[in-house]
Every structure is written in structure tokens, then in C-alpha cells.
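J.: Dropping a structure here in C-alpha cells format, bear with me for questions.
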Amino acid sequence: DDHRPLARGTIKEVRVNEPAERGCVAASIRIALHRQPPNVEPAPHVDDPAPAFEPVPVELIWTVQAHPNHAVLRQWFAVTNVGGEPLTITHLPLLIANLGGQSTGLTAHSGLDRRHRFRKQEGADWFSWQTLPLGSGVVSAIHSGHRREATCLGLTSDNGPGLFLGWESNAQATCDYGDLHGTGSCTLDVSIEPRYNLQPGATLTGPAAFLGCADGDLDEVSYGTQRFVEAVIAQPIDDERFPYVAFNSWGYGAEIDDASMRQCFEQCRKLGVELFVVDFGWEGPDWHPDSSRFPDGLAPLSDAAHEAGMAFGIHLSFGNVSSLSEMYREHPEWTNGAGQWAYHREGEVSRLSLGHPEAREWIIGKIVEIIDETKIDYFLTDHFLWGGVDPATNVLTATDDYQTVAEGFDVVLQRVHELRPDVLFEHCDNGMGLPTFKMTAQNVTSIGADAVGSQYERVATWRISRVLSPRYLDHYVTERLAPGIPFTEPFGDYEYRSQIFGGPMILMTDLMALEEGSDDWNALMRTIDLVKRIRRQVVEGKVLHLLEPHPVERVGDGWDGWDAIGSYHPERDSAVILAFRLGGELDERVIPVHGLNPASTYRISFEDRPETMERTGADVMRTGFMLSLPGPGQPRVIDGIGFVRASEVIHLQGV
């Protein structure tokens, strides 16, 4: 709490070339800190004789990692109280860098903040995006954390090279950037303010942050970020089928039972679905299967899924507790605040205070019990993820956010991973609530915009893929014409293809009503086949942002209704492009292309038209593709608000 600056450090130990996790090499410096005594003027210049400095009862270990295949430095700080009295850590830096030179010519890219909890309150721009030209006097900040901006800043320059900055914290953090010191150069300053009560002998290890460089445009900066995160940070998954074609029962709401799930399961088996998830509605107040709905529990359904070659999962909103549960009756002090509305069958629902040590340990054991009882391979979290700390029943040893998130929620997921390492987690919080690189370390995928229909899925995919690897873009397949206007026609190629780029394609449609051999069935079978052919291309490749999609409300208002996104795989020298048309006056348009190898010749084919061709990468990038939608022989599909709907998939393979 004494805010005099820590102005001197004595290096006590340096360790270099230490092996670290996932192919990294580490170096660390142990530093004893000193500060200027009160009422002593600082030396005006570095070379001037310094006044006596008093030791501070804090020791700092600064760890830096490098990876041989990535132009990135990753670092973190650990602070130890070496004195005899408690200390309060009010401000902890994660990374500070001054880029030198002038910031003019640099452009900063950031976003993905959610300003409201529900997408219906925000509509089209649920996940924002900001592009800011930097220069003398220009400053800005990113405020990250739960339902805040992504933990990422991209910097592109007029002359090519770019930088990316990321930090691995679900708890609140701030990144100040720009001309912070009035010198015209760009400074990056990432920190947390945990107000952490550090006891004698205890250590506080801060989140890691990383700074990397990329040579190229924003797509290249994003790709550099994503490849490093996949190599060093993200939760690994060893399954060639991933991202899965999946089914989730929430399309039927909470009114599910064993019979309905078995009927859906049979449809999934015929379709080639690879993951079957029973969403909310399976559980009673104590998180055992509801015997009135699943008299034999979920294990028999899990066994059937495994026998059919599917993974099996459940929805598990462990941050919510029923007032009818045994835990609530015995420990109401472990809860704080109203919980998830969907649990209101009987009684009330409260949020579980994960910052409460006893509550945290209890829920870790409970989750493991549920995993074992239901024989699951996969579960998704959901809103509310946690309850805050109630100071009336628990001791605050840091800010509520830090204690609840960093020492609550994060610890729960870490311990469950350690105890059941083969179980896969999916992040969900009524849409993506944690656009953070810490989230990628905890989960194999994440929801994006959360069952918003084809056009809004494409908008969210465009923006989220600027930051997160494509596998963190799962899609809950539903449809609507526009906000508040339902879609009542059978699904076709356009609707399904809009919801496949990136992570798992999760069917939330009415499978029980789907007739084998119908147009809807055949369109779904075609899309599932397409997904399985292109998914490795997409999740391993560089996302190509070609034509930006906009919400349906903007068709004809500065947007012609066309959009396109693609992926280029450098090792395979191959690409796939998904192009869409929603309304507008143009039946034909040029799809611009970038990011290919200009020296390569590509064999080009289409999903919906028979012709093939060969063109050089340089030619494709110079002139693009002239594409007609609908294509030759395709029906002209008009939706319920009068818009043409059409799509095409373009494949490029180096020869």
C-alpha cells in the first residue's frame, strides 16, 4: 500500500537455456527489489551517484520463454514476500514494451467486447471490432476479462511488418497502448490490479503475456498469434476427427428424456455425427440424472454412443446451485447472487461462489463424480460461470474478480483437468464470455455468437477469427431470417454452410422431424461430408478475410449482400473459400483473394459446379474469381423476407 516506486533491483541469479513446456526454452532472473527512501530526491541522471536505497521485502522472478519455431517472447513475473509482514500487491505488470521510433504508420486492431449479456439486447454488433490508426498523441486501452475485450492487440504497419501482443488472463486486465509518454513512439503496457494480500513466504505468480512479430497484413498477424497459441498455450486434442460434427439437445429445450434422446441418437448415427451432447434438462437438483426422465441414468446412452464410435457429453453449468440441493441446504453461505434462469423448475437458483475455498474444493469433487457417473468424454460450461465472493461470509484476499476468477474458476478447471485429463471442455457463457488466451488453455473449443442463425454466425466468425484459432469457433446450427423473425423452411446448403467454418458443427435442429432422403436430409449429408473434407484445412490454415459479412439489416445500406472467407494451408499449399450471397442486386461479383503462393499453380474446383481450371497464385490474387450466385443450374432460393440465398465453396490445390 506504500506507493513509492521500486526504483532499483539487484540481480541475484540468472538461469538460461532451461527446457520448458511444449518445446520452449526458458530463462529466468531472480531480482531483489529496493526503493528510494522517503524524502530523498532521486538522482537526476542514471550516471549520477544514487542515494541510498532501502531494501523491499519482495523478491521477483522474471521468466522469459522462446520457441524455436515462433518469433515470440513469452514472459511472466512471480512475486514472493520475503519479509515478516503481509503485503498488498496493488499493481502487477505482465508486459511493458517501448517500440521506439515513431508510431505514425502503425494501426492497432482489437475488440470482441460484449456490452450486454444477451445477444437480443445488442443485435448485429454483439462482438465489436476496433481499428485505430496510431500517431503522436494517440492513446487507447483494452479492458479484458469476463464479457470484456479479447486479450489481444494486433499492430500492422504501412510497410509490412506487424506485431501481436497477447496475455493469458481470465481475470480483469488492462492494456494501455499508443503514445503513452508523449514522445511519439508506441508503448505497450499490460497489467493487472489484483490488490492481492501476500502473506510472508507466499508467492503470487502473475499471468503470462507474449509479444511476437509477423511479416504481412492483419491476416498474417492473426495467423502468427494463432499458430503460437496452438503450439504453446491451447488445450491440445489428439483426435483427427476434431473439430467434430456434433449434436446438442438444446434445440428441444429442457423438455428431454431418454426416449427422445435415443430417437435423436439414431438419426445422428445415420448422419455420421461424432459427438452427442445432452444439454440442460438431464439433471436433478443434486446433478444426478433426473430419474423421472432418465430412469437408468445417462450411462447407457453414453455406452451406446461409444459403441457407435461417438464421443458423449453433457451440459454442466456448475456455477449454478439449486435451492433444493443438499449442498445449498447445508452451505447456503457458499452461494452469492441469483443463478441461471434455465434451472427454475422448482425452487430458486443461486450462483456458486468459486472464490470461497471450501466451495471450490467441493465443486471439484462434484464435477469428477458427475464425469464418472455419466461416463462423459466432453462437457460444456454455461452461464452463469460463477458467483462472486460475499464478504459477509468469506474473507476477501484480493479483488472479488481476481479471487473468483483466477483463484476460483481457473483453479476448478485446472484441477478437473488434472484429475480427468481425457475429458474435453467447451466454453460457453450464453455466447463467448471469455475471449481470452487463458480460455484456450482450458478448453478445446468455444461457442461464438450462440445459435443466432446463418448471417450472424458469419459476422461473428469473421471477427472472432481475427483473434482466436478457428477451432474456437464452434457453431450451434439454427436459423432465423432476422432478429425476431423465425425461419420456417427446410435447411439447405446455404444455411448449413454458413455454420461450418472453424470449430465443431453442432446440430441444434429438430432431428426427430428430419426425414431420411428429404431435401433437408440430403443437404445436411452433403454438408457433413464437406466438413469432414475441409476441417483440417481450416483449423490448421491461415484464415483469409476476403469479403466482410454484415448483418441482414444492412443489405442494400452500404453492403451488397456478398461475403467470403477462406483458409490457406502453407504446408499443403491448398486453400478453401466459402462464398455467400444474401439479397442485393448483384447476381455476379468478383471474389478478391489474397494469401496464396504467387509462384504456385492451383487446380481449382467448385462444390456446386462441374468445371475445373488451373491458374497461378499470382493471377488469382490479381483478378480474383468472378462468381455467379446462384450458379448455373442452381435454384433461385428466395427466403421469407424476399432475399436471394446462395453459396459456393471453392477448392484450390497446388499442383
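Chain labels follow the order of the C-alpha cells: the first chain is A, the next B, and so on; residue numbering restarts at 1 in every chain, and ligands are counted from 1 in their shown order.
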List the neighbours of Glu479 (chain A) out to 8 Å using only C-alpha atoms; skip same-chain residues closer than 5 positions along the sequence, and give me the result as a list in words.
T.: Ala451, Val452, Gly453, Ser454, Pro486, Phe487 and Glu495 of chain A
J.: Would you mind exporting the chosen residues as a PDB file, in the first residue's frame, restricted to N, CA and C atoms?
T.:
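Final output, saved to result_0.pdb:
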```
ATOM      1  N   ALA A 451     -26.027 -19.751 -31.405  1.00  0.00           N
ATOM      2  CA  ALA A 451     -27.314 -20.107 -32.009  1.00  0.00           C
ATOM      3  C   ALA A 451     -28.077 -18.891 -32.533  1.00  0.00           C
ATOM      4  N   VAL A 452     -27.394 -18.070 -33.348  1.00  0.00           N
ATOM      5  CA  VAL A 452     -28.018 -16.839 -33.829  1.00  0.00           C
ATOM      6  C   VAL A 452     -28.438 -16.918 -35.291  1.00  0.00           C
ATOM      7  N   GLY A 453     -28.200 -18.033 -35.946  1.00  0.00           N
ATOM      8  CA  GLY A 453     -28.567 -18.141 -37.347  1.00  0.00           C
ATOM      9  C   GLY A 453     -27.416 -17.823 -38.281  1.00  0.00           C
ATOM     10  N   SER A 454     -27.615 -18.143 -39.559  1.00  0.00           N
ATOM     11  CA  SER A 454     -26.507 -18.177 -40.507  1.00  0.00           C
ATOM     12  C   SER A 454     -25.787 -16.842 -40.670  1.00  0.00           C
ATOM     13  N   PRO A 486     -38.697 -15.750 -37.372  1.00  0.00           N
ATOM     14  CA  PRO A 486     -38.248 -17.152 -37.441  1.00  0.00           C
ATOM     15  C   PRO A 486     -38.072 -17.618 -38.881  1.00  0.00           C
ATOM     16  N   PHE A 487     -37.268 -18.655 -39.021  1.00  0.00           N
ATOM     17  CA  PHE A 487     -37.057 -19.313 -40.304  1.00  0.00           C
ATOM     18  C   PHE A 487     -37.844 -20.617 -40.269  1.00  0.00           C
ATOM     19  N   GLU A 495     -27.775 -22.485 -45.522  1.00  0.00           N
ATOM     20  CA  GLU A 495     -27.932 -22.410 -44.059  1.00  0.00           C
ATOM     21  C   GLU A 495     -26.868 -23.254 -43.356  1.00  0.00           C
TER      22      GLU A 495
END
```
J.: Give me the residues near Tyr496 (chain A) as number ranges by chain, where near means some atom within 12 Å (using only C-alpha atoms) and where sequence neighbours in that chain fewer than 4 positions away do not count.
T.: A: 245, 453-455, 457-458, 475-479, 490-492, 500-501, 505-509, 520-531, 578, 580, 645-648
J.: Residues of the last selection are to be written out with C-alpha atoms, as a PDB file, in the first residue's frame.
T.:
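This went into result_4.pdb:
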```
ATOM      1  CA  VAL A 245     -19.711 -32.950 -36.290  1.00  0.00           C
ATOM      2  CA  GLY A 453     -28.567 -18.141 -37.347  1.00  0.00           C
ATOM      3  CA  SER A 454     -26.507 -18.177 -40.507  1.00  0.00           C
ATOM      4  CA  GLN A 455     -25.846 -14.487 -41.184  1.00  0.00           C
ATOM      5  CA  GLU A 457     -22.765 -16.662 -37.331  1.00  0.00           C
ATOM      6  CA  ARG A 458     -20.761 -15.462 -40.324  1.00  0.00           C
ATOM      7  CA  HIS A 475     -21.406 -23.234 -34.383  1.00  0.00           C
ATOM      8  CA  TYR A 476     -24.779 -24.126 -32.881  1.00  0.00           C
ATOM      9  CA  VAL A 477     -26.722 -24.741 -36.077  1.00  0.00           C
ATOM     10  CA  THR A 478     -30.035 -22.871 -36.020  1.00  0.00           C
ATOM     11  CA  GLU A 479     -31.630 -20.320 -38.324  1.00  0.00           C
ATOM     12  CA  PRO A 490     -36.217 -26.653 -44.654  1.00  0.00           C
ATOM     13  CA  PHE A 491     -32.475 -26.045 -44.308  1.00  0.00           C
ATOM     14  CA  GLY A 492     -30.370 -26.070 -47.466  1.00  0.00           C
ATOM     15  CA  ILE A 500     -19.203 -24.801 -40.507  1.00  0.00           C
ATOM     16  CA  PHE A 501     -16.090 -22.596 -40.759  1.00  0.00           C
ATOM     17  CA  MET A 505     -20.585 -28.017 -36.376  1.00  0.00           C
ATOM     18  CA  ILE A 506     -23.158 -28.622 -33.610  1.00  0.00           C
ATOM     19  CA  LEU A 507     -26.637 -29.530 -34.821  1.00  0.00           C
ATOM     20  CA  MET A 508     -29.348 -27.927 -32.732  1.00  0.00           C
ATOM     21  CA  THR A 509     -32.080 -28.564 -35.274  1.00  0.00           C
ATOM     22  CA  ASP A 520     -33.132 -31.173 -45.918  1.00  0.00           C
ATOM     23  CA  TRP A 521     -31.587 -34.548 -45.058  1.00  0.00           C
ATOM     24  CA  ASN A 522     -29.572 -34.618 -48.278  1.00  0.00           C
ATOM     25  CA  ALA A 523     -28.340 -31.045 -47.780  1.00  0.00           C
ATOM     26  CA  LEU A 524     -27.197 -31.973 -44.283  1.00  0.00           C
ATOM     27  CA  MET A 525     -25.459 -35.122 -45.519  1.00  0.00           C
ATOM     28  CA  ARG A 526     -23.642 -33.077 -48.181  1.00  0.00           C
ATOM     29  CA  THR A 527     -22.530 -30.533 -45.576  1.00  0.00           C
ATOM     30  CA  ILE A 528     -21.316 -33.168 -43.114  1.00  0.00           C
ATOM     31  CA  ASP A 529     -19.257 -34.706 -45.915  1.00  0.00           C
ATOM     32  CA  LEU A 530     -17.874 -31.251 -46.758  1.00  0.00           C
ATOM     33  CA  VAL A 531     -16.992 -30.554 -43.128  1.00  0.00           C
ATOM     34  CA  LEU A 578     -16.672 -20.188 -48.744  1.00  0.00           C
ATOM     35  CA  PHE A 580     -22.203 -16.386 -49.772  1.00  0.00           C
ATOM     36  CA  ARG A 645     -29.844 -17.031 -50.606  1.00  0.00           C
ATOM     37  CA  ALA A 646     -26.948 -18.777 -52.343  1.00  0.00           C
ATOM     38  CA  SER A 647     -23.470 -20.106 -51.602  1.00  0.00           C
ATOM     39  CA  GLU A 648     -20.468 -21.771 -53.217  1.00  0.00           C
TER      40      GLU A 648
END
```
J.: If you run DSSP on the backbone here, which positions in region 17-171 of chain A get alpha helix (DSSP H)? Please write them as a PyMOL selection string.
T.: chain A and resi 119-122
J.: Contacts between region 622-626 of chain A and region 498-600 of chain A, please, where a residue of region 498-600 of chain A counts if it comes within 6 Å (with only C-alpha atoms); show its shortest atom pair and distance in Å to one decimal, rows by chain and ascending number, as a tab-separated table.
T.:
```
residue	atom	partner	partner_atom	distance
A:Arg589	CA	A:Met626	CA	5.6
A:Val590	CA	A:Met626	CA	4.3
A:Ile591	CA	A:Phe625	CA	5.0
A:Pro592	CA	A:Gly624	CA	4.5
A:Val593	CA	A:Gly624	CA	5.3
```
J.: What does the file look like for those residues with C-alpha atoms, as a compact mmCIF listing (two decimals), in the first residue's frame?
T.:
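File again_3.txt, as written:
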```
# COMPACT_ATOMS: atom_id res chain seq x y z
CA ARG A 589 -19.37 -10.48 -58.36
CA VAL A 590 -15.57 -10.68 -58.10
CA ILE A 591 -14.37 -12.53 -55.00
CA PRO A 592 -10.99 -10.97 -54.13
CA VAL A 593 -8.29 -13.37 -52.97
```
J.: For Leu434 (chain A), which residue out of A:Ser191, A:Gln65, A:Gln653, A:Asn170 is the nearest one, using only C-alpha atoms?
T.: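 The answer is A:Asn170, which sits nearest to Leu434 (chain A).
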J.: List the neighbours of region 416-420 of chain A out to 10 Å using only C-alpha atoms; skip same-chain residues closer than 5 positions along the sequence, and give me the result as a list in words.
T.: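 So the residues in contact are Ile363, Ile364, Gly365, Lys366, Ile367, Val368, Ile371, Asp372, Asp377, Val411, Phe425, Gln442 and Asn443 of chain A.
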J.: Just the number, please: distance in Å from CA of Ile638 (chain A) to CA of Ile485 (chain A), one decimal.
T.: 15.1 Å
